[in-house]
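Dropping my_file.cif in here (mmCIF, C-alpha atoms):
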```cif
data_start
loop_
_atom_site.label_atom_id
_atom_site.label_comp_id
_atom_site.auth_asym_id
_atom_site.auth_seq_id
_atom_site.Cartn_x
_atom_site.Cartn_y
_atom_site.Cartn_z
CA MET M 1 38.43 25.70 -5.03
CA GLY M 2 36.46 28.63 -3.66
CA ASN M 3 36.43 27.22 -0.09
CA GLN M 4 35.09 23.91 -1.46
CA PHE M 5 37.05 20.68 -1.52
CA THR M 6 37.03 19.30 -5.05
CA ASN M 7 38.00 15.69 -5.53
CA VAL M 8 37.10 15.14 -9.19
CA LEU M 9 38.49 17.15 -12.10
CA ALA M 10 37.24 16.17 -15.53
CA TYR M 11 37.84 17.44 -19.04
CA ALA M 12 36.56 15.49 -22.05
CA ASP M 13 37.89 11.97 -21.53
CA ASP M 14 40.50 12.87 -18.88
CA LEU M 15 39.80 12.50 -15.19
CA VAL M 16 41.75 13.40 -12.04
CA LEU M 17 40.69 12.09 -8.65
CA LEU M 18 41.94 13.92 -5.55
CA ALA M 19 41.82 12.56 -2.03
CA GLN M 20 43.37 13.34 1.32
CA SER M 21 44.00 9.73 2.29
CA TRP M 22 44.70 6.32 0.78
CA LYS M 23 41.32 5.02 1.92
CA ALA M 24 39.46 7.98 0.40
CA LEU M 25 41.18 7.54 -2.97
CA GLN M 26 40.50 3.81 -3.09
CA PHE M 27 36.86 4.62 -2.28
CA LEU M 28 36.74 7.04 -5.26
CA LEU M 29 38.35 4.42 -7.50
CA ASN M 30 35.75 1.86 -6.43
CA ILE M 31 32.94 4.32 -7.24
CA LEU M 32 34.55 5.04 -10.61
CA GLU M 33 34.72 1.33 -11.40
CA VAL M 34 31.06 0.73 -10.49
CA GLU M 35 29.74 3.79 -12.33
CA ALA M 36 31.84 3.18 -15.43
CA ALA M 37 30.57 -0.40 -15.60
CA ALA M 38 26.98 0.83 -15.18
CA ILE M 39 27.22 3.01 -18.29
CA ASN M 40 29.54 0.64 -20.17
CA ILE M 41 32.62 2.89 -20.26
CA THR M 42 36.07 1.36 -20.27
CA ARG M 43 39.12 2.87 -18.59
CA ASN M 44 42.63 2.75 -19.91
CA THR M 45 44.23 1.42 -16.75
CA SER M 46 47.67 1.33 -18.38
CA LYS M 47 47.61 5.15 -18.46
CA THR M 48 46.24 5.44 -14.92
CA VAL M 49 48.80 6.61 -12.35
CA CYS M 50 48.87 7.85 -8.78
CA MET M 51 50.90 10.72 -7.39
CA VAL M 52 51.45 11.44 -3.71
CA SER M 53 52.25 15.01 -2.81
CA PRO M 54 53.66 16.21 0.49
CA SER M 55 51.35 17.82 3.00
CA SER M 56 51.33 21.60 3.22
CA ASN M 57 51.18 21.13 7.01
CA ARG M 58 54.79 20.69 8.11
CA ASN M 59 53.65 18.96 11.31
CA CYS M 60 51.99 16.20 9.27
CA ILE M 61 54.18 13.23 8.40
CA ILE M 62 53.45 11.34 5.20
CA GLY M 63 54.75 7.82 4.76
CA GLN M 64 56.98 6.90 1.88
CA VAL M 65 55.34 3.53 1.22
CA PHE M 66 51.65 3.03 0.49
CA PRO M 67 49.47 0.04 -0.27
CA SER M 68 48.77 -0.35 -3.98
CA PHE M 69 45.62 1.07 -5.50
CA VAL M 70 43.58 -1.28 -7.61
CA ILE M 71 41.03 -0.56 -10.32
CA ASN M 72 39.54 -3.27 -12.51
CA GLN M 73 42.08 -5.79 -11.09
CA HIS M 74 44.90 -3.52 -12.30
CA THR M 75 47.47 -2.17 -9.86
CA ILE M 76 48.12 1.54 -10.29
CA LYS M 77 51.74 2.64 -10.25
CA PHE M 78 53.02 5.61 -8.25
CA VAL M 79 54.76 8.41 -10.16
CA PRO M 80 56.47 11.68 -9.10
CA LYS M 81 54.91 13.54 -12.06
CA PHE M 82 52.35 13.09 -14.83
CA LYS M 83 51.04 14.93 -17.83
CA TYR M 84 47.45 16.21 -17.68
CA LEU M 85 46.07 18.02 -20.72
CA GLY M 86 49.62 18.58 -21.96
CA HIS M 87 50.81 20.18 -18.69
CA ILE M 88 53.33 18.38 -16.47
CA ILE M 89 52.17 18.23 -12.87
CA SER M 90 54.84 17.26 -10.37
CA ASN M 91 54.57 16.30 -6.73
CA ASN M 92 56.76 19.22 -5.63
CA PHE M 93 54.14 21.71 -6.95
CA THR M 94 56.60 23.58 -9.15
CA ASP M 95 56.32 24.30 -12.86
CA ASP M 96 60.02 23.81 -13.63
CA GLU M 97 59.49 20.48 -15.42
CA ASP M 98 56.70 21.91 -17.56
CA ILE M 99 58.88 24.91 -18.46
CA ASP M 100 61.70 22.52 -19.43
CA ARG M 101 59.18 20.60 -21.60
CA GLU M 102 58.24 23.84 -23.37
CA ILE M 103 61.92 24.71 -23.89
CA ARG M 104 62.51 21.31 -25.52
CA ASN M 105 59.42 21.78 -27.70
CA MET M 106 60.51 25.25 -28.77
CA PHE M 107 63.98 24.03 -29.76
CA VAL M 108 62.45 21.15 -31.70
CA ARG M 109 60.14 23.51 -33.57
CA CYS M 110 62.69 26.26 -34.16
CA LYS M 111 66.25 25.09 -33.65
CA CYS M 112 65.91 22.19 -36.03
CA ASN M 113 65.72 24.94 -38.64
CA THR M 114 62.78 23.23 -40.29
CA LEU M 115 60.99 26.52 -40.78
CA ALA M 116 64.16 28.40 -41.62
CA ARG M 117 65.16 25.85 -44.26
CA LYS M 118 61.75 25.39 -45.83
CA PHE M 119 60.77 29.05 -45.93
CA VAL M 120 64.07 30.83 -46.49
CA GLN M 121 62.71 32.59 -49.59
CA CYS M 122 59.55 33.89 -47.90
CA SER M 123 59.00 37.51 -47.00
CA LEU M 124 59.48 38.76 -43.46
CA ARG M 125 55.71 39.11 -43.05
CA VAL M 126 55.13 35.45 -43.96
CA LYS M 127 57.99 34.37 -41.70
CA MET M 128 56.49 36.34 -38.81
CA GLN M 129 53.16 34.57 -39.25
CA LEU M 130 54.83 31.16 -39.48
CA PHE M 131 56.88 31.87 -36.34
CA LYS M 132 53.79 32.95 -34.40
CA THR M 133 51.89 29.88 -35.55
CA PHE M 134 54.51 27.16 -35.09
CA CYS M 135 56.90 28.48 -32.44
CA LEU M 136 54.71 30.39 -30.02
CA CYS M 137 52.32 27.69 -28.83
CA PHE M 138 52.29 28.89 -25.22
CA TYR M 139 48.68 28.18 -24.36
CA ASP M 140 49.50 26.70 -20.95
CA ILE M 141 52.18 29.11 -19.70
CA ALA M 142 49.49 31.13 -17.93
CA LEU M 143 49.38 28.21 -15.48
CA TRP M 144 53.02 28.68 -14.46
CA SER M 145 53.19 30.22 -11.02
CA VAL M 146 55.94 28.47 -9.03
CA PHE M 147 59.34 28.14 -10.71
CA LYS M 148 63.00 28.85 -10.20
CA CYS M 149 64.37 32.08 -11.63
CA GLY M 150 67.01 30.09 -13.51
CA THR M 151 64.36 27.98 -15.22
CA ILE M 152 62.40 30.97 -16.50
CA GLN M 153 65.69 32.57 -17.58
CA LYS M 154 66.47 29.43 -19.64
CA PHE M 155 63.03 29.81 -21.24
CA ARG M 156 63.72 33.47 -22.15
CA SER M 157 67.12 32.53 -23.54
CA CYS M 158 65.60 29.74 -25.63
CA TYR M 159 62.96 32.11 -27.01
CA HIS M 160 65.61 34.65 -28.05
CA LYS M 161 67.82 31.94 -29.59
CA CYS M 162 64.88 30.67 -31.63
CA ILE M 163 64.14 34.17 -32.90
CA LYS M 164 67.78 34.62 -33.92
CA LEU M 165 67.99 31.21 -35.57
CA TYR M 166 64.82 31.75 -37.53
CA PHE M 167 65.01 35.38 -38.55
CA LEU M 168 68.74 35.77 -38.93
CA SER M 169 68.85 32.88 -41.36
CA THR M 170 68.26 35.55 -43.98
CA ASP M 171 69.39 39.12 -44.26
CA ASP M 172 65.93 40.68 -44.14
CA LEU M 173 65.51 41.23 -40.37
CA THR M 174 64.52 44.87 -40.15
CA VAL M 175 61.73 44.87 -37.56
#
```

Let's see the structure in the file written out as structure tokens.
Amino acid sequence: MGNQFTNVLAYADDLVLLAQSWKALQFLLNILEVEAAAINITRNTSKTVCMVSPSSNRNCIIGQVFPSFVINQHTIKFVPKFKYLGHIISNNFTDDEDIDREIRNMFVRCKCNTLARKFVQCSLRVKMQLFKTFCLCFYDIALWSVFKCGTIQKFRSCYHKCIKLYFLSTDDLTV
């Protein structure tokens, strides 16, 4: 970040450690274990995972098998993706899986017709506010930068379907 290598990202009680090698990451994990013990903080090692991402240098070969990482006598499992602060981060550096997550969430919030059923008698103004509040929770879409055109098209289609399902459930759509 800003011509500086950053190997620790922290927000509230969530922590991400970044390293360029297995040895460097195990070193960071060892420091974390010592420092956490010094201030009497526990770690939830069952939620701790490791993700290996391919090198941006095409001449660099990365192995497919790595020694296990250990923290607090707990072996850390390798995963191809994980959720950090509600955003899915995948080892292929695309946002397609996070967009798919948001599509599923939008259909759950809108397509289940929960709002449409419960608030069918409400005015259009009230429905608009409810839709904005419950169906447009897109606080992390500003992070999307690498995705397939088809994935973002599915997202647009889902958004339009949700609008139709919600507002056309009554005859008062005159916006």

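Shortest atom-to-atom contact with Thr151 of chain M among M:Ala38, M:Ala12, M:Leu18, M:Ile103: M:Ile103, counting all atoms listed in the file.
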
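If only C-alpha atoms are the atoms counted, then among M:Asp98, M:Leu85, M:Val70, M:Pro54 the closest residue to Ser145 of chain M is M:Asp98.
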
Requested in this report: Report as a list of chain:residue names the residues that result from applying the PyMOL selection byres ((chain M and resi 148) around 12) to the structure here.
Outcome: M:Phe93, M:Thr94, M:Asp95, M:Asp96, M:Glu97, M:Asp98, M:Ile99, M:Asp100, M:Trp144, M:Ser145, M:Val146, M:Phe147, M:Cys149, M:Gly150, M:Thr151, M:Ile152, M:Gln153, M:Lys154, M:Phe155

Take the residues from that selection and write them out as a short mmCIF file (atom, residue, chain, number, x, y, z; two decimals), in the frame of the given file, keeping C-alpha atoms.
```cif
data_model
loop_
_atom_site.label_atom_id
_atom_site.label_comp_id
_atom_site.auth_asym_id
_atom_site.auth_seq_id
_atom_site.Cartn_x
_atom_site.Cartn_y
_atom_site.Cartn_z
CA PHE M 93 54.14 21.71 -6.95
CA THR M 94 56.60 23.58 -9.15
CA ASP M 95 56.32 24.30 -12.86
CA ASP M 96 60.02 23.81 -13.63
CA GLU M 97 59.49 20.48 -15.42
CA ASP M 98 56.70 21.91 -17.56
CA ILE M 99 58.88 24.91 -18.46
CA ASP M 100 61.70 22.52 -19.43
CA TRP M 144 53.02 28.68 -14.46
CA SER M 145 53.19 30.22 -11.02
CA VAL M 146 55.94 28.47 -9.03
CA PHE M 147 59.34 28.14 -10.71
CA CYS M 149 64.37 32.08 -11.63
CA GLY M 150 67.01 30.09 -13.51
CA THR M 151 64.36 27.98 -15.22
CA ILE M 152 62.40 30.97 -16.50
CA GLN M 153 65.69 32.57 -17.58
CA LYS M 154 66.47 29.43 -19.64
CA PHE M 155 63.03 29.81 -21.24
#
```

Query raised in the report: Using the chain letters and numbers from the file, which residues does the PyMOL selection byres ((chain M and resi 47) around 10) grab, as a PyMOL selection string?
Result: chain M and resi 43-46+48-49+76-77+82

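Across the model, the gap from atom CA of Phe78 of chain M to atom CA of Cys50 of chain M is 4.7 Å.
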
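Reported to one decimal place, the separation of atom CA of Leu136 of chain M from atom CA of Leu9 of chain M is 27.6 Å.
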
Around all the atoms of segment 137-155 of chain M listed in the file, with 4 Å of room on each side, what axis-aligned box do you get, giving centre and edge lengths in Å to one decimal, as JSON?
```
{"center_x": 57.8, "center_y": 29.6, "center_z": -18.9, "size_x": 26.3, "size_y": 13.9, "size_z": 27.8}
```

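Going from atom CA of Thr133 of chain M to atom CA of Ile88 of chain M covers 22.3 Å.
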
Report task. Give me the residues within 12 Å of Tyr159 of chain M as a PyMOL selection string, counting only C-alpha atoms and dropping any in the same chain fewer than 4 places off. Result -> chain M and resi 99+102-111+131-132+135-138+152-155+163-166

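When all atoms listed in the file are used to measure the gap to Phe134 of chain M, the shortest distance among M:Ala19, M:Phe27, M:Gly2, M:Ala116 belongs to M:Ala116.
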
Query raised in the report: Pick from M:Phe66, M:Thr75, M:Cys162, M:Val52: nearest to Asn92 of chain M, with all atoms listed in the file counted?
Result: M:Val52

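Counting all atoms listed in the file, the residue from M:Ile31, M:Tyr84, M:Leu143, M:Leu168 that sits nearest to Ala10 of chain M is M:Tyr84.
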
Report task. Write out as a VMD selection string the residues lying within 7 Å of Asn91 of chain M, counting only C-alpha atoms and excluding same-chain residues fewer than 4 positions away. Result -> chain M and resid 51 to 53 80 to 81

Keeping only C-alpha atoms, write those residues as a PDB file, keeping the file's coordinate frame.
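This is the output file result-v3.pdb:
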```pdb
ATOM      1  CA  MET M  51      50.900  10.720  -7.390  1.00  0.00           C
ATOM      2  CA  VAL M  52      51.450  11.440  -3.710  1.00  0.00           C
ATOM      3  CA  SER M  53      52.250  15.010  -2.810  1.00  0.00           C
ATOM      4  CA  PRO M  80      56.470  11.680  -9.100  1.00  0.00           C
ATOM      5  CA  LYS M  81      54.910  13.540 -12.060  1.00  0.00           C
TER       6      LYS M  81
END
```

Requested in this report: Choose the residue, out of M:Val16, M:Val120, M:Leu25, M:Ile71, that has the smallest atom-to-atom separation from Lys83 of chain M; count all atoms listed in the file.
Outcome: M:Val16

With N, CA and C atoms retained, output segment 79-122 of chain M as a tab-separated table (two decimals), in the first residue's frame.
```
chain	number	residue	atom	x	y	z
M	79	VAL	N	-7.50	-22.83	2.48
M	79	VAL	CA	-8.78	-22.62	1.81
M	79	VAL	C	-8.56	-21.81	0.52
M	80	PRO	N	-9.43	-21.99	-0.49
M	80	PRO	CA	-9.31	-21.19	-1.71
M	80	PRO	C	-9.99	-19.83	-1.59
M	81	LYS	N	-10.80	-19.65	-0.53
M	81	LYS	CA	-11.48	-18.37	-0.31
M	81	LYS	C	-11.85	-18.26	1.15
M	82	PHE	N	-12.09	-17.02	1.61
M	82	PHE	CA	-12.56	-16.81	2.97
M	82	PHE	C	-13.33	-15.50	3.02
M	83	LYS	N	-14.09	-15.34	4.08
M	83	LYS	CA	-14.88	-14.12	4.24
M	83	LYS	C	-14.20	-13.23	5.26
M	84	TYR	N	-13.91	-11.99	4.87
M	84	TYR	CA	-13.30	-11.02	5.77
M	84	TYR	C	-14.18	-9.78	5.78
M	85	LEU	N	-14.71	-9.46	6.94
M	85	LEU	CA	-15.61	-8.32	7.11
M	85	LEU	C	-16.79	-8.39	6.14
M	86	GLY	N	-17.30	-9.60	5.92
M	86	GLY	CA	-18.46	-9.79	5.07
M	86	GLY	C	-18.16	-9.89	3.59
M	87	HIS	N	-16.92	-9.68	3.19
M	87	HIS	CA	-16.53	-9.70	1.78
M	87	HIS	C	-15.77	-11.00	1.50
M	88	ILE	N	-16.15	-11.70	0.43
M	88	ILE	CA	-15.46	-12.94	0.08
M	88	ILE	C	-14.19	-12.61	-0.70
M	89	ILE	N	-13.08	-13.09	-0.18
M	89	ILE	CA	-11.79	-12.90	-0.83
M	89	ILE	C	-11.37	-14.27	-1.36
M	90	SER	N	-11.09	-14.34	-2.65
M	90	SER	CA	-10.71	-15.62	-3.25
M	90	SER	C	-9.28	-15.55	-3.76
M	91	ASN	N	-8.67	-16.72	-3.90
M	91	ASN	CA	-7.27	-16.75	-4.29
M	91	ASN	C	-7.04	-16.44	-5.77
M	92	ASN	N	-8.10	-16.28	-6.55
M	92	ASN	CA	-7.93	-15.89	-7.95
M	92	ASN	C	-8.08	-14.37	-8.15
M	93	PHE	N	-8.24	-13.65	-7.05
M	93	PHE	CA	-8.31	-12.18	-7.03
M	93	PHE	C	-9.45	-11.61	-7.86
M	94	THR	N	-10.55	-12.36	-7.98
M	94	THR	CA	-11.72	-11.82	-8.64
M	94	THR	C	-12.83	-11.64	-7.61
M	95	ASP	N	-13.81	-10.83	-7.95
M	95	ASP	CA	-14.92	-10.55	-7.05
M	95	ASP	C	-16.17	-11.32	-7.43
M	96	ASP	N	-16.07	-12.26	-8.35
M	96	ASP	CA	-17.24	-13.00	-8.82
M	96	ASP	C	-17.96	-13.73	-7.68
M	97	GLU	N	-17.22	-14.35	-6.78
M	97	GLU	CA	-17.87	-15.08	-5.67
M	97	GLU	C	-18.57	-14.12	-4.72
M	98	ASP	N	-18.01	-12.94	-4.50
M	98	ASP	CA	-18.67	-11.98	-3.63
M	98	ASP	C	-19.93	-11.41	-4.31
M	99	ILE	N	-19.87	-11.22	-5.61
M	99	ILE	CA	-21.06	-10.75	-6.34
M	99	ILE	C	-22.15	-11.82	-6.27
M	100	ASP	N	-21.77	-13.09	-6.46
M	100	ASP	CA	-22.76	-14.17	-6.33
M	100	ASP	C	-23.36	-14.20	-4.93
M	101	ARG	N	-22.56	-13.95	-3.90
M	101	ARG	CA	-23.06	-13.89	-2.52
M	101	ARG	C	-24.10	-12.78	-2.39
M	102	GLU	N	-23.82	-11.63	-2.98
M	102	GLU	CA	-24.76	-10.51	-2.90
M	102	GLU	C	-26.04	-10.81	-3.67
M	103	ILE	N	-25.93	-11.51	-4.79
M	103	ILE	CA	-27.12	-11.91	-5.56
M	103	ILE	C	-28.00	-12.82	-4.70
M	104	ARG	N	-27.38	-13.82	-4.06
M	104	ARG	CA	-28.15	-14.72	-3.18
M	104	ARG	C	-28.82	-13.93	-2.06
M	105	ASN	N	-28.08	-13.01	-1.45
M	105	ASN	CA	-28.66	-12.21	-0.37
M	105	ASN	C	-29.83	-11.36	-0.85
M	106	MET	N	-29.68	-10.79	-2.04
M	106	MET	CA	-30.76	-9.94	-2.56
M	106	MET	C	-32.01	-10.77	-2.83
M	107	PHE	N	-31.85	-11.95	-3.39
M	107	PHE	CA	-33.01	-12.81	-3.63
M	107	PHE	C	-33.65	-13.25	-2.32
M	108	VAL	N	-32.84	-13.53	-1.32
M	108	VAL	CA	-33.41	-13.91	-0.03
M	108	VAL	C	-34.21	-12.76	0.55
M	109	ARG	N	-33.67	-11.56	0.47
M	109	ARG	CA	-34.37	-10.40	1.04
M	109	ARG	C	-35.59	-10.01	0.23
M	110	CYS	N	-35.52	-10.15	-1.09
M	110	CYS	CA	-36.62	-9.64	-1.93
M	110	CYS	C	-37.49	-10.74	-2.54
M	111	LYS	N	-36.87	-11.75	-3.10
M	111	LYS	CA	-37.64	-12.74	-3.83
M	111	LYS	C	-38.52	-13.58	-2.92
M	112	CYS	N	-38.13	-13.73	-1.70
M	112	CYS	CA	-38.96	-14.50	-0.77
M	112	CYS	C	-40.29	-13.78	-0.52
M	113	ASN	N	-40.41	-12.61	-1.05
M	113	ASN	CA	-41.65	-11.83	-0.95
M	113	ASN	C	-42.02	-11.48	0.48
M	114	THR	N	-41.06	-11.54	1.37
M	114	THR	CA	-41.34	-11.19	2.76
M	114	THR	C	-41.84	-9.76	2.85
M	115	LEU	N	-41.12	-8.86	2.23
M	115	LEU	CA	-41.56	-7.46	2.27
M	115	LEU	C	-42.86	-7.27	1.51
M	116	ALA	N	-42.94	-7.88	0.35
M	116	ALA	CA	-44.14	-7.72	-0.47
M	116	ALA	C	-45.38	-8.24	0.25
M	117	ARG	N	-45.25	-9.38	0.92
M	117	ARG	CA	-46.39	-9.95	1.64
M	117	ARG	C	-46.77	-9.13	2.87
M	118	LYS	N	-45.77	-8.75	3.64
M	118	LYS	CA	-46.04	-8.06	4.90
M	118	LYS	C	-46.51	-6.62	4.71
M	119	PHE	N	-46.08	-5.99	3.62
M	119	PHE	CA	-46.37	-4.57	3.48
M	119	PHE	C	-47.14	-4.27	2.20
M	120	VAL	N	-47.99	-5.19	1.79
M	120	VAL	CA	-48.75	-5.03	0.57
M	120	VAL	C	-49.70	-3.82	0.63
M	121	GLN	N	-50.18	-3.48	1.81
M	121	GLN	CA	-51.12	-2.37	1.96
M	121	GLN	C	-50.44	-1.01	2.13
M	122	CYS	N	-49.13	-0.99	2.21
M	122	CYS	CA	-48.42	0.28	2.45
M	122	CYS	C	-48.40	1.14	1.19
```
